[in-house]
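Okay, structure first, notes after.
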Amino acid sequence: MFAVHLVAFYFSKLKEDQIKKVDRFLYHMRLSDDTLLDIMARFQAEMQRGLGKDTNPTASVKMLPTFVRAIPDRSENGEFLSLDLGGSKFRVLKVQVSEEGKQKVQMESQFYPTPNEIIRGNGEELFEYVADCLADFMKTQGLTHKKLPLGMTFSFPCWQTKLEEDIDVDILALVNDTVGTMMTCAYDDPSCEVGVIIGTGTNACYMEDMSNIDLVEGDEGRMCINTEWGAFGDDGALEDIRTEFDRDLDLGSLNPGKQLFEKMISGLYLGELVRLILVKMTKAGLLFGGKKSSSLHTKGKIETRHVAAMEKYKEGLANTREILTNLGLEPSEADCIAVQHVCTIVSFRSANLCAAALAAILTRLRENKKLVRLRTTVGVDGTVYKIHPQYPKRLHKVVRRLVPNCDVRFFLSESGSTKGAAMVTAVAARVQAQRKLVDQVLALFRLTREQLVGVRDKMRAELEYGLKRDTHLLATVKMLPSYVCGMPDGTEKGNFLALDLGGTNFRVLLVKIRSGRRSVRMYNKIFAIPLEIMQGTGEELFDHIVQCISDFLDYMGLKGVPLPLGFTFSFPCRQTGIDKGILIEWTKGFKATDCEGEDMVDMLREAIKRRNEFDLDIVAVVNDTVGTMMTCGYEDPNCEIGLIAGTGSNMCYMEEMRNIEVVEGDEGKMCINTEWGGFGDNGCIDDIRTQYDKEVDEGSLNPGKQRYEKMTSGMYLGEIVRQILIDLTKQGLLFRGQISERLRTRGIFETKFLSQIESDRLALLQVRRILQQLGLDSTCEDSIVVKEVCGAVSRRAAQLCGAGMAAIVEKRREDQGLEHLKITVGVDGTLYKLHPHFSWILQETVKELAPKCDVTFMLSEDGSGKGAALITAVAKRLQQAQKEN
C-alpha cells in the first residue's frame with residue numbers, strides 16, 4: 001500500500017515540476033484578466049474605427065456590412081436553394097422551412113466534385129459548371145418547374161448574372177459562413193444576434209445599429225456586420241502579446257504580416273504553434289533529452305486534432321505518447337506531461353483571446369441597447385469549438401468573467417454555413433414580401449402634387465360656397481362670421497376674465513392688459529371636465545363651468561368685482577353677433593344634450609343666474625382659432641390668419657366684408673371662422689380617403705362628419721395608425737401576427753406617441769419601449785415599420801393642412817389684387833408644436849402650392865385664453881368709440 005502512495009506522490013510531484021517548467025518557458029502566453037480586459041478595449045476601439053467611413057480604410061478590423069437586415073422571426077415559409085461553394089467539392093441543398101406552418105427545417109443535399117481544371121480555370125467556366133450542377137440537382141429533386149430563391153455561401157465577382165441566365169432561380173443572398181451560423185441559430189433561438197466561427201479560421205459577426213454604420217446609407221434598423229476579426233493586430237496593436245513562436249509561425253505562413261489574431265486562435269495554426277514550441281524546448285534540452293526527430297522539424301506534422309486528442313481528460317496522456325511516438329520521438333512520462341501542458345497553454349490562450357474579442361462585441365451590443373444587463377445568445381460553429389474537449393468550457397467561463405453584466409447563452413450551430421445561407425434567403429424573401437405589402441399600405445398615404453393641388457382647389461371652391469348666401473347652408477366649410485371686425489392696435493387696457501373650453505380641460509384666466517407697452521399678464525387655473533359631464537345634459541355642463549368660475553374668483557379674491565368676460569368656445573357656432581353663438585354641433589367627444597341649436601352665451605348667463613353669486617359682463621364668444629389669430633396679431637400687424645393644428649383642426653382669417661353675403665355691410669373686414677374640419681363631408685375628397693380613414697370615421701361619435709379634421713387632427717391620427725397596425729398584424733407583417741388586447745383598444749395609440757416615435761433623436765430601442773408600454777412586443781423590424789406608418793400618417797396630415805392653407809392665402813392675395821402677398825399665420829396646437837416634422841412639412845406644402853405668397857408662421861403663446869381677452873378688449877374699445885361718435 002505504501003508503494004502505491006509513493007508512486008502516486010512521485011507522479012504528482014513529477015507532473016507539478018513539468019507544469020512549472022512549461023509555465024516558465026511559456027510565461028508570455030499566459031494572459032491575465034487585466035491583459036484580456038486591455039485587449040477587449042483595443043478591439044472595441046478597432047470596431048469603432050472599422051465602422052467609421054473616414055477611419056475604415058486604415059482599420060485592421062474591417063467591419064464589413066453584410067446587408068442582412070433581419071434575423072428569422074419563425075414566420076419564414078417555403079422552399080429555398082442553398083449553395084455552399086469552396087474546396088474540392090461543393091454542396092447544393094433544398095431547404096424546406098416551416099412546412100405546414102410548423103417550425104422546422106428539412107434539408108436534402110447533394111455534393112458535387114470540383115475538378116482541378118475548373119478550379120484553376122476562369123470564373124465564367126467555374127460558374128457555368130456550378131450552374132450545370134445546380135440544374136442537375138433541381139431536375140433530380142423535381143424542381144425545374146419552380147423559380148426558387150437561392151442563397152450562396154461564398155463570394156465571386158461574376159456569379160450572379162451567369163447563374164440567373166442558365167437556370168430559373170432568384171438569387172437573394174450571398175452569405176458569409178459566420179453570418180450563416182448566426183442565422184441558423186437565430187431560427188431556433190430569436191435571442192441570437194452574434195455568430196462566431198472557431199475552426200480552421202476564426203471570425204465573428206453581430207447585429208449592429210444602422211445609425212452606427214457610416215459605410216451604409218440609412219439610420220433605421222440594424223444590419224449584420226461581418227467583423228473579419230482575424231486581421232486584428234495586423235497594424236501592430238497586439239505586438240506586446242505576440243511571442244517568438246507567433247512570429248516564427250507568421251514568417252513561415254503564406255501571408256506573412258496578415259491575419260495575426262487568427263494565427264493565435266484558429267485550427268489552421270494551433271498545431272503548428274505547438275510544434276514550434278516543442279522544437280525550441282527540445283533544442284534547449286527541456287524535452288526528449290534534447291533528441292530531435294525529422295518529423296518534429298516538419299511543418300504541419302502536428303495538427304489541431306492532435307492538440308485536441310492530447311488534451312482529452314482521461315486518455316490524454318496515452319494519446320500524447322502515441323502522437324509523439326509517431327513523430328519518431330521517445331517520450332518519457334515527464335515529456336508527455338510537459339507536451340500535454342504546452343497544448344493546454346496554446347489552446348487556452350486561443351480561448352482567452354477569442355473571449356476578449358467576443359466580450360467587446362457583447363459590450364457594444366449592451367451599450368447600443370442602453371441596458372444595464374444584456375441577455376443574448378451567441379451562435380457558434382467550427383471544428384476547434386466542436387472537437388476540442390476543453391475549449392467551449394474555457395471560452396464560456398472567460399467570457400462570463402470579462403462581461404459579468406451579460407447573460408450569454410452559447411448555441412452550437414448545425415450545418416451553419418449551408419442551412420444559414422438558406423435561412424438568410426428565407427428571411428430576405430420574407431422581408432421582401434413583407435416590404436412589398438407594407439409599401440402598398442403606405443402608398444395610400446402618399447399624396448401626389450396633383451392630388452394636393454386638387455385638395456387646394458376644392459377647398460377654395462368650398463370657401464366661396466360658404467360665403468355666398470345661396471350656397472351657405474349647403475357648404476361643408478361653414479365660413480361662420482365671428483363679428484370680430486378689428487385687430488388689436490396697442491391701446492387696449494384693463495382686466496378681463498377669459499374662459500377656455502375646447503377639450504377635457506377647462507381653463508379660467510384673469511388677463512391684465514397694459515396699454516402702450518403691449519404687456520399682458522395672465523393668471524389661470526385648470527379644471528377637469530369629467531366624461532359624465534361632457535356627455536350629460538347641457539344644464540349640468542354649464543353649472544359645472546360656473547362652479548369652476550366661482551372657485552377661480554375665490555382663489556383670486558375677485559368675487560363681486562365687475563369684469564368683462566370673453567368666452568373661448570372651440571366648437572362650431574353660428575354667430576349673429578360678437579356675444580351670440582349658436583352651437584351647430586358638438587365635436588371632440590362632447591355630447592351634452594339640449595345644446596345644439598342653442599346660444600352658448602345665453603346658456604352661460606342662465607347658469608350664472610342660477611348660481612346667483614356674481615355678475616359678469618359677457619362681451620364676446622370666441623373660437624380658439626380666432627383667439628390664436630388675435631394673440632399673434634397683437635405682436636404682428638401682418639397676422640390675418642389663425643390656424644389650430646392640435647386635438648382639432650381649424651382655420652380663420654380676415655375676409656373682406658363685401659365678400660360675406662350672409663352679413664350686412666360692405667365696408668371693412670371681419671374674421672371668418674371657416675370650420676374647415678367639415679371639408680369633404682360632401683364626398684369631394686373621397687378619392688384620397690383610405691379604408692383606415694373610413695374605419696376611424698365609422699367608429700367615431702359623429703360618423704360621416706368632420707372628415708377633413710379626421711385626416712389632419714391630433715384626436716384622430718393615432719387612431720388611424722392603430723387601424724393600420726391592426727391590419728398589418730392580421731396580414732402577419734407585424735408583432736408576429738399577434739394582436740394584443742391593448743392594440744384592440746380604441747384610443748390607446750395617442751397622437752403624442754406619433755410625436756415621440758418620429759423624433760429624429762429617438763433610437764429604435766426607445767421606439768420599442770414605447771410600443772412595449774402599449775403592450776406591443778415588437779422586434780427591431782416591427783419598430784421600423786411602426787415608425788414608417790406614423791410618418792406616413794402625420795406627413796399626409798401636414799400636407800392636407802398645407803393644401804388648405806394654400807387655398808386661403810391665394811384667396812387673400814387675389815382679393816387684394818396683389819402680385820405678391822406677404823402675410824403672417826398665427827398657429828397654435830399640440831400637433832404643430834410638439835410633432836418633430838409636422839410644422840416643416842406644412843410650411844413646405846404651402847410654399848409649393850402658393851408660390852406667390854410669402855407666408856410667415858408665428859407660434860402663438862396661449863392663443864385661446866389671451867386671445868379671448870384681447871377680443872373682449874377690442875370689442876370694448878370699439879363699443880366705446882361708437883358711444884363717443
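Identifiers in this document derive from the order of the C-alpha cells: chains are assigned A, B, ..., residues are numbered from 1 separately in each chain, and ligands are numbered from 1 in order of occurrence.
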
Name all residues at most 12 Å from Asp602 (chain A) (count only C-alpha atoms; drop same-chain ones fewer than 4 positions away) and give them as a VMD selection string.
chain A and resid 538 to 539 542 567 579 to 583 595 597 to 598 606 to 609 618 to 621

Just write the chosen residues, N, CA and C atoms, as an mmCIF file, in the first residue's frame.
data_model
loop_
_atom_site.group_PDB
_atom_site.id
_atom_site.type_symbol
_atom_site.label_atom_id
_atom_site.label_comp_id
_atom_site.auth_asym_id
_atom_site.auth_seq_id
_atom_site.Cartn_x
_atom_site.Cartn_y
_atom_site.Cartn_z
ATOM 1 N N GLY A 538 -76.903 69.661 -20.990
ATOM 2 C CA GLY A 538 -76.316 70.983 -21.146
ATOM 3 C C GLY A 538 -76.328 71.755 -19.842
ATOM 4 N N GLU A 539 -77.408 71.626 -19.062
ATOM 5 C CA GLU A 539 -77.510 72.338 -17.791
ATOM 6 C C GLU A 539 -76.405 71.888 -16.835
ATOM 7 N N PHE A 542 -72.981 73.473 -17.987
ATOM 8 C CA PHE A 542 -72.783 74.890 -17.690
ATOM 9 C C PHE A 542 -72.794 75.173 -16.195
ATOM 10 N N PHE A 567 -65.379 84.448 -23.853
ATOM 11 C CA PHE A 567 -65.612 83.005 -23.725
ATOM 12 C C PHE A 567 -65.064 82.308 -24.973
ATOM 13 N N ASP A 579 -71.396 88.552 -29.232
ATOM 14 C CA ASP A 579 -71.714 87.891 -27.967
ATOM 15 C C ASP A 579 -72.852 86.887 -28.128
ATOM 16 N N LYS A 580 -73.041 86.411 -29.361
ATOM 17 C CA LYS A 580 -74.101 85.421 -29.603
ATOM 18 C C LYS A 580 -73.517 84.284 -30.444
ATOM 19 N N GLY A 581 -73.564 83.061 -29.896
ATOM 20 C CA GLY A 581 -73.009 81.914 -30.613
ATOM 21 C C GLY A 581 -73.887 80.687 -30.478
ATOM 22 N N ILE A 582 -74.528 80.301 -31.593
ATOM 23 C CA ILE A 582 -75.434 79.133 -31.579
ATOM 24 C C ILE A 582 -74.637 77.900 -31.972
ATOM 25 N N LEU A 583 -74.598 76.923 -31.085
ATOM 26 C CA LEU A 583 -73.833 75.690 -31.340
ATOM 27 C C LEU A 583 -74.454 74.919 -32.501
ATOM 28 N N CYS A 595 -78.102 71.262 -26.248
ATOM 29 C CA CYS A 595 -77.174 72.363 -26.522
ATOM 30 C C CYS A 595 -77.150 72.742 -27.999
ATOM 31 N N GLY A 597 -78.020 73.955 -31.457
ATOM 32 C CA GLY A 597 -79.096 74.870 -31.862
ATOM 33 C C GLY A 597 -79.376 75.950 -30.838
ATOM 34 N N GLU A 598 -78.665 75.904 -29.694
ATOM 35 C CA GLU A 598 -78.873 76.892 -28.626
ATOM 36 C C GLU A 598 -77.707 77.881 -28.577
ATOM 37 N N GLU A 606 -77.580 82.009 -18.056
ATOM 38 C CA GLU A 606 -78.595 81.342 -17.222
ATOM 39 C C GLU A 606 -77.937 80.590 -16.060
ATOM 40 N N ALA A 607 -76.813 79.930 -16.327
ATOM 41 C CA ALA A 607 -76.119 79.185 -15.266
ATOM 42 C C ALA A 607 -75.569 80.139 -14.207
ATOM 43 N N ILE A 608 -75.076 81.314 -14.655
ATOM 44 C CA ILE A 608 -74.575 82.315 -13.698
ATOM 45 C C ILE A 608 -75.721 82.815 -12.816
ATOM 46 N N LYS A 609 -76.910 83.013 -13.425
ATOM 47 C CA LYS A 609 -78.085 83.435 -12.646
ATOM 48 C C LYS A 609 -78.471 82.376 -11.628
ATOM 49 N N ILE A 618 -70.556 89.384 -20.189
ATOM 50 C CA ILE A 618 -70.072 88.519 -21.267
ATOM 51 C C ILE A 618 -70.076 89.335 -22.558
ATOM 52 N N VAL A 619 -68.883 89.757 -22.958
ATOM 53 C CA VAL A 619 -68.740 90.660 -24.099
ATOM 54 C C VAL A 619 -68.614 89.896 -25.405
ATOM 55 N N ALA A 620 -67.887 88.759 -25.396
ATOM 56 C CA ALA A 620 -67.590 88.069 -26.665
ATOM 57 C C ALA A 620 -67.536 86.562 -26.467
ATOM 58 N N VAL A 621 -68.074 85.854 -27.461
ATOM 59 C CA VAL A 621 -67.861 84.406 -27.539
ATOM 60 C C VAL A 621 -66.885 84.193 -28.703
#

Contacts of Ile688 (chain A) within 12 Å, only C-alpha atoms, excl. fewer than 2 positions in-chain, as a count of residues only:
27

Closest of A:Val216, A:Met63, A:Leu31, A:Leu531 to Lys591 (chain A) - atom-to-atom distances counting only C-alpha atoms:
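That would be A:Leu531, the residue with the smallest distance to Lys591 (chain A).
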
Can you list every residue of region 771-790 of chain A that has an atom at most 12 Å from region 208-215 of chain A, with its nearest atom pair and the distance in Å to one decimal, using only C-alpha atoms, ordered by chain then number, as JSON lines?
{"residue": "A:Cys780", "atom": "CA", "partner": "A:Asp209", "partner_atom": "CA", "distance": 9.8}
{"residue": "A:Glu781", "atom": "CA", "partner": "A:Asp209", "partner_atom": "CA", "distance": 11.8}
{"residue": "A:Ile784", "atom": "CA", "partner": "A:Met210", "partner_atom": "CA", "distance": 11.5}

Produce a file of the selected residues containing all heavy atoms, as a PDB file, in the first residue's frame.
ATOM      1  N   CYS A 780     -37.098  44.671 -33.700  1.00  0.00           N
ATOM      2  CA  CYS A 780     -36.478  45.859 -34.307  1.00  0.00           C
ATOM      3  C   CYS A 780     -37.172  46.185 -35.634  1.00  0.00           C
ATOM      4  O   CYS A 780     -37.465  47.344 -35.934  1.00  0.00           O
ATOM      5  CB  CYS A 780     -34.996  45.587 -34.518  1.00  0.00           C
ATOM      6  SG  CYS A 780     -34.114  46.901 -35.345  1.00  0.00           S
ATOM      7  N   GLU A 781     -37.466  45.126 -36.428  1.00  0.00           N
ATOM      8  CA  GLU A 781     -38.108  45.326 -37.735  1.00  0.00           C
ATOM      9  C   GLU A 781     -39.523  45.894 -37.556  1.00  0.00           C
ATOM     10  O   GLU A 781     -39.955  46.756 -38.318  1.00  0.00           O
ATOM     11  CB  GLU A 781     -38.157  44.011 -38.513  1.00  0.00           C
ATOM     12  CG  GLU A 781     -36.804  43.511 -38.983  1.00  0.00           C
ATOM     13  CD  GLU A 781     -35.936  42.975 -37.847  1.00  0.00           C
ATOM     14  OE1 GLU A 781     -36.488  42.315 -36.927  1.00  0.00           O
ATOM     15  OE2 GLU A 781     -34.727  43.231 -37.845  1.00  0.00           O
ATOM     16  N   ILE A 784     -39.335  49.603 -36.968  1.00  0.00           N
ATOM     17  CA  ILE A 784     -39.095  50.373 -38.201  1.00  0.00           C
ATOM     18  C   ILE A 784     -40.411  50.599 -38.937  1.00  0.00           C
ATOM     19  O   ILE A 784     -40.722  51.704 -39.386  1.00  0.00           O
ATOM     20  CB  ILE A 784     -38.097  49.625 -39.117  1.00  0.00           C
ATOM     21  CG1 ILE A 784     -36.710  49.594 -38.484  1.00  0.00           C
ATOM     22  CG2 ILE A 784     -38.025  50.291 -40.490  1.00  0.00           C
ATOM     23  CD1 ILE A 784     -35.725  48.697 -39.203  1.00  0.00           C
TER      24      ILE A 784
END

Pick from A:Gly121, A:Ile241, A:Arg722, A:Lys669, whichever lies nearest to Thr35 (chain A) using only C-alpha atoms
A:Ile241

Shell around Val477 (chain A) at 9 Å using only C-alpha atoms, local window under 5 positions removed, as a list in words:
Met459, Glu462, Leu463, Tyr465, Gly466, His472, Thr674, Glu675, Trp676, Gly677, Gly678, Phe679, Gly680 and Asp681 of chain A

Nearest residue to Leu395 (chain A) out of A:Ser60, A:Gln723, A:Ala357, A:Glu303, using only C-alpha atoms?
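Ranked by minimum distance to Leu395 (chain A), first place goes to A:Ala357.
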
Please provide the set of residues having any atom within 10 Å of Thr504 (chain A), restricted to only C-alpha atoms, with same-chain residues fewer than 2 positions apart removed, written as a list of chain:residue names.
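With the cut-off at 10 Å, the set is A:Leu501, A:Gly502, A:Phe506, A:Phe527, A:Ala528, A:Ile529, A:Pro530, A:Leu531, A:Ile533, A:Met534, A:Lys588, A:Gly589, A:Phe590.
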
Check the DSSP output for the backbone and give back, as JSON, numbers by chain, the residues of region 360-472 of chain A in strand (DSSP E or B).
{"A": [374, 375, 376, 377, 378, 379, 380, 381, 406, 407, 408, 409, 410, 411, 412]}

Looking at only C-alpha atoms, which of A:Val441, A:Val855, A:Ala355, A:Ile841 is the one that sits closest to His820 (chain A)?
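Closest candidate: A:Val855.
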
Give me, as a ChimeraX atom specification, all polymer residues having an atom no more than 12 Å from Arg611 (chain A), counting only C-alpha atoms and skipping those fewer than 6 positions away in the same chain.
/A:539,542-550,604-605

Would you save the residues of that selection, restricted to C-alpha atoms, as a short mmCIF file (atom, residue, chain, number, x, y, z; two decimals), in the first residue's frame?
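This went into part38.cif:
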data_model
loop_
_atom_site.label_atom_id
_atom_site.label_comp_id
_atom_site.auth_asym_id
_atom_site.auth_seq_id
_atom_site.Cartn_x
_atom_site.Cartn_y
_atom_site.Cartn_z
CA GLU A 539 -77.51 72.34 -17.79
CA PHE A 542 -72.78 74.89 -17.69
CA ASP A 543 -73.43 74.51 -13.95
CA HIS A 544 -70.04 72.77 -13.74
CA ILE A 545 -68.42 75.63 -15.72
CA VAL A 546 -69.91 78.24 -13.36
CA GLN A 547 -68.73 76.23 -10.33
CA CYS A 548 -65.19 76.40 -11.78
CA ILE A 549 -65.53 80.17 -12.33
CA SER A 550 -66.65 80.56 -8.71
CA LEU A 604 -73.78 80.52 -19.64
CA ARG A 605 -75.77 83.58 -18.47
#

For Gly382 (chain A): contacts at 7 Å, only C-alpha atoms, fewer than 2 positions along chain excluded, given as a list in words
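Contacts, with the query itself left out: Ile197, Ile198, Gly199, Val384, Tyr385 and Lys386 of chain A.
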
So which residues of region 452-699 of chain A fall under helix (DSSP H, G or I) by DSSP, listed as a PyMOL selection string?
chain A and resi 452-467+472-474+531-534+538-556+600-611+624-635+657-659+676-678+686-688+691-698

Find the residues near Gly257 (chain A): any atom within 12 Å, counting only C-alpha atoms, skip ones fewer than 3 places away on the same chain, and give them as a VMD selection string.
chain A and resid 60 230 to 236 238 to 239 246 to 254 260 to 263

Quick check, in Å to one decimal: how far apart do CA of Lys397 (chain A) and CA of Thr344 (chain A) lie?
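The value is 15.4 Å.
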
Which residue gives the smallest distance to Gly379 (chain A) among A:Ala850, A:Val179, A:Val274, A:Leu497, with only C-alpha atoms counted?
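Counting only C-alpha atoms, the residue closest to Gly379 (chain A) is A:Val179.
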
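Of the residues listed (A:Val196, A:Ile302, A:Val663, A:Cys205), A:Cys205 shows the shortest atom-to-atom separation from Met47 (chain A); distances use only C-alpha atoms.
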